[in-house]
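What follows is the content of final.pdb, which has PDB, C-alpha atoms:
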```
MODEL        1
ATOM      1  CA  MET A 856       9.338 -25.407  17.707
ATOM      2  CA  SER A 857       7.692 -21.983  18.152
ATOM      3  CA  LEU A 858       4.503 -21.583  20.199
ATOM      4  CA  LYS A 859       2.542 -20.841  16.998
ATOM      5  CA  GLU A 860       3.836 -24.017  15.329
ATOM      6  CA  SER A 861       3.225 -26.146  18.392
ATOM      7  CA  LYS A 862      -0.371 -24.806  18.531
ATOM      8  CA  LYS A 863      -0.831 -25.702  14.840
ATOM      9  CA  THR A 864       0.506 -29.209  15.509
ATOM     10  CA  MET A 865      -1.865 -29.613  18.478
ATOM     11  CA  TYR A 866      -4.847 -28.497  16.338
ATOM     12  CA  PHE A 867      -3.739 -30.930  13.632
ATOM     13  CA  LEU A 868      -3.561 -33.808  16.139
ATOM     14  CA  LEU A 869      -6.909 -32.738  17.617
ATOM     15  CA  VAL A 870      -8.579 -32.849  14.180
ATOM     16  CA  ILE A 871      -7.081 -36.306  13.513
ATOM     17  CA  GLY A 872      -8.185 -37.475  16.985
ATOM     18  CA  VAL A 873     -11.740 -36.242  16.358
ATOM     19  CA  ALA A 874     -11.725 -38.014  12.966
ATOM     20  CA  TYR A 875     -10.755 -41.269  14.711
ATOM     21  CA  ILE A 876     -13.503 -40.815  17.346
ATOM     22  CA  ILE A 877     -16.080 -40.227  14.572
ATOM     23  CA  LEU A 878     -14.780 -43.296  12.729
ATOM     24  CA  PHE A 879     -15.072 -45.343  15.946
ATOM     25  CA  ILE A 880     -18.713 -44.279  16.318
ATOM     26  CA  ILE A 881     -19.591 -44.834  12.629
ATOM     27  CA  ASN A 882     -17.605 -47.963  11.789
ATOM     28  CA  LYS A 883     -15.634 -49.931  14.395
ATOM     29  CA  GLU A 884     -14.121 -52.256  11.777
ATOM     30  CA  TYR A 885     -12.597 -49.362   9.819
ATOM     31  CA  PHE A 886     -11.413 -47.810  13.090
ATOM     32  CA  SER A 887      -9.570 -51.043  13.999
ATOM     33  CA  LYS A 888      -8.053 -51.224  10.515
ATOM     34  CA  ALA A 889      -6.766 -47.633  10.786
ATOM     35  CA  ILE A 890      -5.281 -48.260  14.258
ATOM     36  CA  ILE A 891      -3.585 -51.475  13.091
ATOM     37  CA  THR A 892      -2.142 -49.648  10.033
ATOM     38  CA  THR A 893      -0.844 -46.842  12.300
ATOM     39  CA  PHE A 894       0.947 -49.311  14.589
ATOM     40  CA  THR A 895       2.300 -51.295  11.631
ATOM     41  CA  ILE A 896       3.833 -48.140  10.066
ATOM     42  CA  ILE A 897       5.300 -47.064  13.446
ATOM     43  CA  LYS A 898       6.727 -50.554  14.057
ATOM     44  CA  ASN A 899       8.292 -50.600  10.574
ATOM     45  CA  ILE A 900       9.948 -47.174  10.757
ATOM     46  CA  LEU A 901      11.077 -47.317  14.410
ATOM     47  CA  PRO A 902      14.442 -49.079  13.783
ATOM     48  CA  ILE A 903      15.191 -46.606  10.971
ATOM     49  CA  PHE A 904      14.583 -43.761  13.412
ATOM     50  CA  ILE A 905      17.415 -44.931  15.633
ATOM     51  CA  ILE A 906      19.803 -44.751  12.629
ATOM     52  CA  ILE A 907      18.419 -41.284  11.744
ATOM     53  CA  PHE A 908      19.030 -40.096  15.307
ATOM     54  CA  ILE A 909      22.646 -41.340  15.319
ATOM     55  CA  LEU A 910      23.383 -39.750  11.903
ATOM     56  CA  THR A 911      21.843 -36.428  13.036
ATOM     57  CA  ILE A 912      24.077 -36.434  16.145
ATOM     58  CA  LEU A 913      27.154 -37.072  13.975
ATOM     59  CA  ILE A 914      26.284 -34.191  11.614
ATOM     60  CA  ASN A 915      25.501 -31.800  14.466
ATOM     61  CA  TYR A 916      28.776 -32.775  16.124
ATOM     62  CA  CYS A 917      31.000 -32.396  13.042
ATOM     63  CA  ILE A 918      29.493 -29.409  11.218
ATOM     64  CA  THR A 919      29.011 -25.883  12.541
ATOM     65  CA  LYS A 920      27.284 -22.885  10.892
ATOM     66  CA  LYS A 921      30.638 -21.066  10.736
ATOM     67  CA  THR A 922      32.203 -23.857   8.643
ATOM     68  CA  ILE A 923      29.438 -23.516   6.069
ATOM     69  CA  THR A 924      29.449 -19.703   5.641
ATOM     70  CA  LYS A 925      33.274 -19.575   5.557
ATOM     71  CA  HIS A 926      33.428 -21.375   2.186
ATOM     72  CA  LEU A 927      30.670 -19.534   0.304
ATOM     73  CA  LYS A 928      32.189 -16.110  -0.311
ATOM     74  CA  LYS A 929      32.947 -16.231  -4.071
ATOM     75  CA  ASP A 930      30.975 -17.563  -7.069
ATOM     76  CA  SER A 931      33.558 -20.188  -8.017
ATOM     77  CA  LEU A 932      33.401 -23.938  -8.537
ATOM     78  CA  LYS A 933      34.560 -24.286  -4.945
ATOM     79  CA  SER A 934      31.749 -22.073  -3.616
ATOM     80  CA  TRP A 935      29.067 -23.912  -5.636
ATOM     81  CA  THR A 936      30.460 -27.191  -4.285
ATOM     82  CA  PHE A 937      30.327 -25.854  -0.738
ATOM     83  CA  ALA A 938      26.791 -24.499  -1.275
ATOM     84  CA  VAL A 939      25.728 -28.004  -2.347
ATOM     85  CA  ILE A 940      27.570 -29.798   0.470
ATOM     86  CA  GLY A 941      26.544 -27.152   3.031
ATOM     87  CA  GLY A 942      22.885 -27.506   2.063
ATOM     88  CA  VAL A 943      23.037 -31.286   2.201
ATOM     89  CA  ILE A 944      24.700 -31.504   5.619
ATOM     90  CA  SER A 945      22.889 -28.611   7.310
ATOM     91  CA  SER A 946      20.143 -29.593   9.712
ATOM     92  CA  GLY A 947      17.218 -28.011  11.549
ATOM     93  CA  PRO A 948      14.205 -26.157  10.176
ATOM     94  CA  ILE A 949      14.721 -23.935   7.115
ATOM     95  CA  TYR A 950      13.671 -20.718   8.909
ATOM     96  CA  MET A 951      16.452 -21.271  11.421
ATOM     97  CA  TRP A 952      18.911 -20.578   8.567
ATOM     98  CA  TYR A 953      17.255 -17.379   7.207
ATOM     99  CA  PRO A 954      18.975 -14.915   9.607
ATOM    100  CA  LEU A 955      22.361 -16.510   8.985
ATOM    101  CA  LEU A 956      21.860 -16.468   5.191
ATOM    102  CA  SER A 957      20.700 -12.839   5.329
ATOM    103  CA  GLU A 958      23.914 -12.000   7.173
ATOM    104  CA  ALA A 959      25.884 -14.000   4.571
ATOM    105  CA  LYS A 960      24.124 -12.085   1.751
ATOM    106  CA  GLU A 961      25.154  -8.774   3.317
ATOM    107  CA  LYS A 962      28.736 -10.068   3.397
ATOM    108  CA  GLY A 963      28.634 -10.613  -0.377
ATOM    109  CA  ILE A 964      27.416 -14.166  -0.887
ATOM    110  CA  SER A 965      25.306 -14.218  -4.092
ATOM    111  CA  SER A 966      21.561 -14.935  -4.154
ATOM    112  CA  GLY A 967      22.255 -17.892  -6.447
ATOM    113  CA  LEU A 968      24.532 -19.550  -3.912
ATOM    114  CA  ILE A 969      21.954 -18.986  -1.168
ATOM    115  CA  ALA A 970      19.235 -20.509  -3.395
ATOM    116  CA  CYS A 971      21.545 -23.438  -4.179
ATOM    117  CA  PHE A 972      22.213 -23.937  -0.451
ATOM    118  CA  LEU A 973      18.471 -23.840   0.339
ATOM    119  CA  TYR A 974      17.619 -26.237  -2.515
ATOM    120  CA  ASN A 975      20.133 -28.806  -1.291
ATOM    121  CA  ARG A 976      18.642 -28.706   2.196
ATOM    122  CA  ALA A 977      16.006 -30.928   0.584
ATOM    123  CA  ILE A 978      18.583 -33.735   0.535
ATOM    124  CA  LYS A 979      18.708 -35.233   4.001
ATOM    125  CA  ILE A 980      21.486 -37.764   4.560
ATOM    126  CA  PRO A 981      20.130 -38.930   7.956
ATOM    127  CA  LEU A 982      16.771 -39.676   6.309
ATOM    128  CA  LEU A 983      18.260 -41.853   3.556
ATOM    129  CA  PRO A 984      17.457 -45.110   5.429
ATOM    130  CA  LEU A 985      13.777 -44.135   5.447
ATOM    131  CA  MET A 986      13.898 -43.255   1.729
ATOM    132  CA  ILE A 987      15.519 -46.636   1.018
ATOM    133  CA  PHE A 988      12.735 -48.284   3.018
ATOM    134  CA  TYR A 989      10.122 -46.837   0.655
ATOM    135  CA  PHE A 990      12.014 -46.467  -2.642
ATOM    136  CA  GLU A 991      14.725 -48.297  -4.589
ATOM    137  CA  ILE A 992      18.377 -47.259  -4.129
ATOM    138  CA  LYS A 993      18.717 -46.799  -7.920
ATOM    139  CA  TYR A 994      15.785 -44.375  -7.920
ATOM    140  CA  ILE A 995      17.123 -42.445  -4.902
ATOM    141  CA  LEU A 996      20.584 -42.056  -6.465
ATOM    142  CA  ILE A 997      19.161 -40.765  -9.770
ATOM    143  CA  LEU A 998      16.809 -38.382  -7.925
ATOM    144  CA  LEU A 999      19.522 -36.965  -5.655
ATOM    145  CA  ILE A1000      22.060 -36.475  -8.472
ATOM    146  CA  THR A1001      19.398 -34.764 -10.638
ATOM    147  CA  MET A1002      18.427 -32.514  -7.713
ATOM    148  CA  ILE A1003      22.051 -31.505  -7.063
ATOM    149  CA  ILE A1004      22.620 -30.624 -10.748
ATOM    150  CA  MET A1005      19.338 -28.704 -10.931
ATOM    151  CA  SER A1006      20.173 -26.801  -7.721
ATOM    152  CA  VAL A1007      23.225 -25.301  -9.461
ATOM    153  CA  PHE A1008      21.141 -24.451 -12.548
ATOM    154  CA  GLN A1009      18.579 -22.785 -10.322
ATOM    155  CA  GLY A1010      21.306 -20.806  -8.556
ATOM    156  CA  ILE A1011      22.823 -19.578 -11.843
ATOM    157  CA  LEU A1012      19.350 -18.648 -13.146
ATOM    158  CA  ILE A1013      18.509 -16.742  -9.965
ATOM    159  CA  ASN A1014      21.805 -14.833 -10.167
ATOM    160  CA  LYS A1015      20.974 -13.782 -13.743
ATOM    161  CA  LEU A1016      17.356 -12.876 -12.995
ATOM    162  CA  ILE A1017      18.176 -10.952  -9.810
ATOM    163  CA  LYS A1018      20.829  -8.881 -11.612
ATOM    164  CA  LYS A1019      18.268  -7.785 -14.267
TER     165      LYS A1019
ATOM    166  CA  MET B1071      30.695 -37.128  27.588
ATOM    167  CA  ASN B1072      32.177 -33.783  26.548
ATOM    168  CA  LYS B1073      30.155 -30.600  26.093
ATOM    169  CA  ARG B1074      30.159 -30.713  22.253
ATOM    170  CA  ILE B1075      28.779 -34.249  22.126
ATOM    171  CA  ARG B1076      26.131 -33.353  24.718
ATOM    172  CA  GLU B1077      25.097 -30.310  22.642
ATOM    173  CA  ALA B1078      24.936 -32.425  19.447
ATOM    174  CA  VAL B1079      22.770 -35.035  21.202
ATOM    175  CA  LYS B1080      20.533 -32.302  22.680
ATOM    176  CA  LYS B1081      20.117 -30.492  19.333
ATOM    177  CA  SER B1082      19.408 -33.761  17.499
ATOM    178  CA  TRP B1083      16.891 -34.888  20.102
ATOM    179  CA  GLU B1084      15.150 -31.490  20.017
ATOM    180  CA  GLY B1085      14.919 -31.632  16.209
ATOM    181  CA  ILE B1086      13.496 -35.147  16.182
ATOM    182  CA  SER B1087      11.218 -34.804  19.217
ATOM    183  CA  ASN B1088       9.739 -31.567  17.830
ATOM    184  CA  SER B1089       8.709 -33.380  14.683
ATOM    185  CA  LEU B1090       7.273 -36.440  16.493
ATOM    186  CA  PRO B1091       3.711 -35.155  17.153
ATOM    187  CA  LEU B1092       3.357 -33.969  13.545
ATOM    188  CA  MET B1093       4.763 -37.252  12.301
ATOM    189  CA  LEU B1094       2.364 -39.272  14.449
ATOM    190  CA  GLY B1095      -0.514 -37.177  13.052
ATOM    191  CA  THR B1096       0.722 -37.795   9.507
ATOM    192  CA  ILE B1097       0.977 -41.551  10.078
ATOM    193  CA  MET B1098      -2.562 -41.554  11.528
ATOM    194  CA  LEU B1099      -3.761 -39.527   8.534
ATOM    195  CA  VAL B1100      -2.050 -41.934   6.135
ATOM    196  CA  SER B1101      -3.759 -44.838   7.948
ATOM    197  CA  LEU B1102      -7.134 -43.113   7.526
ATOM    198  CA  ALA B1103      -6.373 -42.454   3.858
ATOM    199  CA  SER B1104      -5.518 -46.145   3.390
ATOM    200  CA  LEU B1105      -9.201 -46.899   4.085
ATOM    201  CA  ILE B1106     -10.139 -44.960   0.955
ATOM    202  CA  PRO B1107     -10.461 -47.304  -2.032
ATOM    203  CA  LYS B1108      -7.677 -46.983  -4.621
ATOM    204  CA  SER B1109     -10.219 -45.951  -7.228
ATOM    205  CA  SER B1110     -10.847 -42.698  -5.314
ATOM    206  CA  TYR B1111      -7.350 -41.441  -6.108
ATOM    207  CA  THR B1112      -8.411 -41.147  -9.710
ATOM    208  CA  PHE B1113     -10.351 -38.048  -8.628
ATOM    209  CA  ILE B1114      -7.071 -36.300  -7.868
ATOM    210  CA  PHE B1115      -4.525 -38.183  -9.959
ATOM    211  CA  ARG B1116      -5.730 -38.884 -13.480
ATOM    212  CA  GLY B1117      -3.098 -41.374 -14.560
ATOM    213  CA  ASN B1118      -1.715 -39.095 -17.292
ATOM    214  CA  PHE B1119       0.900 -36.326 -17.618
ATOM    215  CA  THR B1120      -1.160 -33.853 -15.539
ATOM    216  CA  ASP B1121      -0.312 -36.035 -12.491
ATOM    217  CA  VAL B1122       3.180 -34.548 -12.411
ATOM    218  CA  ILE B1123       1.688 -31.035 -12.099
ATOM    219  CA  ILE B1124      -0.899 -32.176  -9.541
ATOM    220  CA  GLY B1125       1.882 -33.857  -7.507
ATOM    221  CA  SER B1126       3.967 -30.665  -7.582
ATOM    222  CA  LEU B1127       1.061 -28.483  -6.513
ATOM    223  CA  ILE B1128       0.063 -30.769  -3.633
ATOM    224  CA  GLY B1129       3.715 -30.991  -2.483
ATOM    225  CA  SER B1130       4.068 -27.189  -2.628
ATOM    226  CA  VAL B1131       1.144 -26.473  -0.340
ATOM    227  CA  SER B1132       2.153 -29.246   2.062
ATOM    228  CA  ALA B1133       4.512 -28.437   4.884
ATOM    229  CA  GLY B1134       6.456 -30.217   7.570
ATOM    230  CA  ASN B1135       9.345 -32.569   8.079
ATOM    231  CA  PRO B1136      10.580 -34.341   4.905
ATOM    232  CA  ILE B1137      10.079 -37.616   6.840
ATOM    233  CA  ASN B1138       6.340 -37.111   6.370
ATOM    234  CA  SER B1139       6.754 -36.596   2.616
ATOM    235  CA  TYR B1140       8.650 -39.906   2.317
ATOM    236  CA  ILE B1141       5.978 -41.758   4.299
ATOM    237  CA  LEU B1142       3.165 -40.180   2.251
ATOM    238  CA  GLY B1143       5.036 -40.587  -1.042
ATOM    239  CA  GLY B1144       5.812 -44.243  -0.295
ATOM    240  CA  GLU B1145       2.215 -44.942   0.648
ATOM    241  CA  LEU B1146       0.928 -43.110  -2.476
ATOM    242  CA  LEU B1147       3.207 -45.298  -4.570
ATOM    243  CA  ASN B1148       1.770 -48.374  -2.814
ATOM    244  CA  GLN B1149      -1.697 -47.089  -3.704
ATOM    245  CA  GLY B1150      -0.758 -47.198  -7.386
ATOM    246  CA  ILE B1151       0.011 -43.521  -8.029
ATOM    247  CA  SER B1152       2.644 -43.085 -10.783
ATOM    248  CA  LEU B1153       6.323 -42.681  -9.867
ATOM    249  CA  ILE B1154       6.527 -39.392 -11.787
ATOM    250  CA  ALA B1155       3.655 -37.890  -9.756
ATOM    251  CA  VAL B1156       5.130 -39.158  -6.466
ATOM    252  CA  THR B1157       8.564 -37.761  -7.431
ATOM    253  CA  SER B1158       7.193 -34.286  -8.215
ATOM    254  CA  PHE B1159       5.262 -34.449  -4.927
ATOM    255  CA  LEU B1160       8.421 -35.382  -2.954
ATOM    256  CA  VAL B1161      10.620 -32.768  -4.633
ATOM    257  CA  SER B1162       8.150 -29.881  -4.324
ATOM    258  CA  TRP B1163       7.435 -30.786  -0.659
ATOM    259  CA  VAL B1164      11.098 -30.285   0.237
ATOM    260  CA  THR B1165      12.050 -27.459  -2.149
ATOM    261  CA  VAL B1166       8.967 -25.211  -2.284
ATOM    262  CA  GLY B1167       7.893 -23.501   0.915
ATOM    263  CA  LEU B1168       4.662 -21.588   0.312
ATOM    264  CA  ILE B1169       4.024 -21.340   4.039
ATOM    265  CA  GLN B1170       7.528 -19.963   4.657
ATOM    266  CA  ILE B1171       7.339 -17.317   1.884
ATOM    267  CA  PRO B1172       6.377 -14.465   4.301
ATOM    268  CA  ALA B1173       9.363 -15.205   6.572
ATOM    269  CA  GLU B1174      11.716 -15.772   3.630
ATOM    270  CA  SER B1175      10.543 -12.494   2.013
ATOM    271  CA  MET B1176      11.089 -10.524   5.192
ATOM    272  CA  ILE B1177      14.603 -11.804   5.738
ATOM    273  CA  LEU B1178      16.003 -12.573   2.268
ATOM    274  CA  GLY B1179      13.891 -10.207   0.132
ATOM    275  CA  LYS B1180      10.484 -10.520  -1.541
ATOM    276  CA  ARG B1181      11.896 -10.837  -5.076
ATOM    277  CA  PHE B1182      14.318 -13.557  -4.031
ATOM    278  CA  ALA B1183      11.668 -15.532  -2.123
ATOM    279  CA  LEU B1184       9.096 -15.393  -4.946
ATOM    280  CA  LEU B1185      11.663 -16.184  -7.626
ATOM    281  CA  ARG B1186      13.198 -19.064  -5.675
ATOM    282  CA  ASN B1187       9.872 -20.695  -4.839
ATOM    283  CA  THR B1188       8.444 -20.252  -8.366
ATOM    284  CA  LEU B1189      11.579 -21.750  -9.906
ATOM    285  CA  SER B1190      11.556 -24.581  -7.341
ATOM    286  CA  LEU B1191       7.982 -25.420  -8.339
ATOM    287  CA  ILE B1192       8.903 -25.503 -12.060
ATOM    288  CA  PHE B1193      12.106 -27.428 -11.300
ATOM    289  CA  SER B1194      10.168 -30.057  -9.292
ATOM    290  CA  ILE B1195       8.381 -30.980 -12.533
ATOM    291  CA  ILE B1196      11.626 -30.986 -14.550
ATOM    292  CA  VAL B1197      13.477 -33.040 -11.884
ATOM    293  CA  SER B1198      10.717 -35.651 -11.745
ATOM    294  CA  VAL B1199      10.570 -35.989 -15.550
ATOM    295  CA  ILE B1200      14.378 -36.387 -15.803
ATOM    296  CA  THR B1201      14.562 -38.781 -12.810
ATOM    297  CA  VAL B1202      11.837 -41.116 -14.019
ATOM    298  CA  PHE B1203      13.150 -40.974 -17.621
ATOM    299  CA  ILE B1204      16.688 -42.010 -16.528
ATOM    300  CA  TYR B1205      15.268 -44.556 -14.032
ATOM    301  CA  ASN B1206      13.307 -46.271 -16.814
ATOM    302  CA  LEU B1207      16.285 -46.051 -19.177
ATOM    303  CA  ILE B1208      18.859 -47.738 -16.910
TER     304      ILE B1208
ENDMDL
END
```
Do you think you could lay out the structure here as structure tokens?
Amino acid sequence: MSLKESKKTMYFLLVIGVAYIILFIINKEYFSKAIITTFTIIKNILPIFIIIFILTILINYCITKKTITKHLKKDSLKSWTFAVIGGVISSGPIYMWYPLLSEAKEKGISSGLIACFLYNRAIKIPLLPLMIFYFEIKYILILLITMIIMSVFQGILINKLIKK
Amino acid sequence: MNKRIREAVKKSWEGISNSLPLMLGTIMLVSLASLIPKSSYTFIFRGNFTDVIIGSLIGSVSAGNPINSYILGGELLNQGISLIAVTSFLVSWVTVGLIQIPAESMILGKRFALLRNTLSLIFSIIVSVITVFIYNLI
């Protein structure tokens, strides 16, 4: 996390902290309710976090940035497939990938493939347990499949619009 | 433990620990929001088709780890907000990055960044309509 981001996070926490202090002064019952809800949510998602951590380690161990860029050079079915898979399995903040994608663009990877890769970063395998905790598996499957299909449509559309 | 495993553990821990303070803040914010009576959500979400657009717009201006969007989305659903609005909120949160547009423009080009984010916003509405339609159909 950059210094600017960490400052923003601290301000955010400070504002929330002040809100809780004000709530404590105004209404102690509501304050207790909010604290209990906070602990209940934390308690419920804690076991899922352990699974998320293990899955993130596995992905970081198995997949490198080089593996992803290697398979994206041509606009073929294979490259679209790799853009989708690459986006899904890539981890870390989005801005971390910008320099690498810029380099990839200079090497001839189309804007559509880059857009497709970025769109699929929205699908986070390690976070699936948390999604399942809140939503039905049927819903998640439909949503993820729709997103993958639309990511390719978006990529094709961007390629056409950029060329104009 | 070999070096590669150690690096994977370190990178994973850094990624998760960096998002912890923001996540804690989000959970605390969600807890505060849970004090608001359900009826208040009608001020933002109207219970009709405009909810899908409202959800997309709120998701687009929101930023942070997708974990937070799932927590918020799940809680919104518990508060009685429609699945279509929650879906557009979830999708736009993770696909549209208004806050990252300056960085994306600088590195990948202004035209690309604007086009990608505008299309992602439109697609978040389309994705939510298709998802909920198929979900109700099956």
Note to self: For the provided coordinates, the residues matched by the PyMOL selection byres ((chain A) within 6 of (chain B)) should be stated as a ChimeraX atom specification.
What the structure shows: /A:864,868,889,892-893,911-912,915-916,957,974,977,989,997-998
Notebook entry, point to check: Can you tell me how far atom CA of Pro984 of chain A sits from atom CA of Ile907 of chain A, in Å to one decimal?
Noted result: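 Distance reported for this atom pair: 7.4 Å.
Interatomic distance, atom CA of Ile940 of chain A against atom CA of Leu1191 of chain B: 21.9 Å.
Evaluated on this file, the PyMOL selection byres ((chain A and resi 976) around 9) matches Val939, Gly941, Gly942, Val943, Ile944, Ser945, Ser946, Ile949, Cys971, Phe972, Leu973, Tyr974, Asn975, Ala977, Ile978 and Lys979 of chain A; Val1164 and Thr1165 of chain B.
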Check: Just so the selection is clear, what residues does the PyMOL selection byres ((chain B and resi 1121) around 9) cover here, as number ranges by chain?
Finding: B: 1114-1120, 1122-1126, 1151-1152, 1154-1156, 1158
Return as lines of an AutoDock Vina configuration file the centre and edge lengths, in Å with one decimal, of the box along x, y and z that encloses every atom of segment 906-917 of chain A in the file, padded by 4 Å per side.
```
center_x = 24.7
center_y = -38.3
center_z = 13.9
size_x = 20.6
size_y = 21.0
size_z = 12.5
```
Notebook entry, point to check: So what do you get for atom CA of Lys1073 of chain B versus atom CA of Leu985 of chain A, distance-wise?
Noted result: 29.6 Å
Next item on the list: Please identify all polymer residues within 10 Å of Phe886 of chain A, counting all atoms listed in the file, omitting same-chain residues fewer than 4 positions from it, and present them as a PyMOL selection string.
Entry: (chain A and resi 874-882+890-892) or (chain B and resi 1101-1102+1105)
Your completed segment 1188-1199 of chain B with N, CA and C atoms, as a PDB file, in the coordinates of the input:
```pdb
ATOM      1  N   THR B1188       9.049 -19.994  -7.055  1.00  0.00           N
ATOM      2  CA  THR B1188       8.444 -20.252  -8.366  1.00  0.00           C
ATOM      3  C   THR B1188       9.337 -21.193  -9.165  1.00  0.00           C
ATOM      4  N   LEU B1189      10.645 -20.886  -9.168  1.00  0.00           N
ATOM      5  CA  LEU B1189      11.579 -21.750  -9.906  1.00  0.00           C
ATOM      6  C   LEU B1189      11.613 -23.158  -9.316  1.00  0.00           C
ATOM      7  N   SER B1190      11.540 -23.256  -7.987  1.00  0.00           N
ATOM      8  CA  SER B1190      11.556 -24.581  -7.341  1.00  0.00           C
ATOM      9  C   SER B1190      10.342 -25.399  -7.759  1.00  0.00           C
ATOM     10  N   LEU B1191       9.206 -24.722  -7.906  1.00  0.00           N
ATOM     11  CA  LEU B1191       7.982 -25.420  -8.339  1.00  0.00           C
ATOM     12  C   LEU B1191       8.151 -25.950  -9.771  1.00  0.00           C
ATOM     13  N   ILE B1192       8.674 -25.088 -10.658  1.00  0.00           N
ATOM     14  CA  ILE B1192       8.903 -25.503 -12.060  1.00  0.00           C
ATOM     15  C   ILE B1192       9.950 -26.624 -12.102  1.00  0.00           C
ATOM     16  N   PHE B1193      11.019 -26.442 -11.313  1.00  0.00           N
ATOM     17  CA  PHE B1193      12.106 -27.428 -11.300  1.00  0.00           C
ATOM     18  C   PHE B1193      11.650 -28.785 -10.736  1.00  0.00           C
ATOM     19  N   SER B1194      10.643 -28.775  -9.844  1.00  0.00           N
ATOM     20  CA  SER B1194      10.168 -30.057  -9.292  1.00  0.00           C
ATOM     21  C   SER B1194       9.576 -30.914 -10.405  1.00  0.00           C
ATOM     22  N   ILE B1195       8.947 -30.249 -11.382  1.00  0.00           N
ATOM     23  CA  ILE B1195       8.381 -30.980 -12.533  1.00  0.00           C
ATOM     24  C   ILE B1195       9.526 -31.494 -13.412  1.00  0.00           C
ATOM     25  N   ILE B1196      10.486 -30.601 -13.695  1.00  0.00           N
ATOM     26  CA  ILE B1196      11.626 -30.986 -14.550  1.00  0.00           C
ATOM     27  C   ILE B1196      12.418 -32.132 -13.904  1.00  0.00           C
ATOM     28  N   VAL B1197      12.703 -32.005 -12.598  1.00  0.00           N
ATOM     29  CA  VAL B1197      13.477 -33.040 -11.884  1.00  0.00           C
ATOM     30  C   VAL B1197      12.756 -34.384 -11.945  1.00  0.00           C
ATOM     31  N   SER B1198      11.446 -34.375 -11.741  1.00  0.00           N
ATOM     32  CA  SER B1198      10.717 -35.651 -11.745  1.00  0.00           C
ATOM     33  C   SER B1198      10.704 -36.285 -13.136  1.00  0.00           C
ATOM     34  N   VAL B1199      10.568 -35.452 -14.176  1.00  0.00           N
ATOM     35  CA  VAL B1199      10.570 -35.989 -15.550  1.00  0.00           C
ATOM     36  C   VAL B1199      11.932 -36.622 -15.846  1.00  0.00           C
TER      37      VAL B1199
END
```
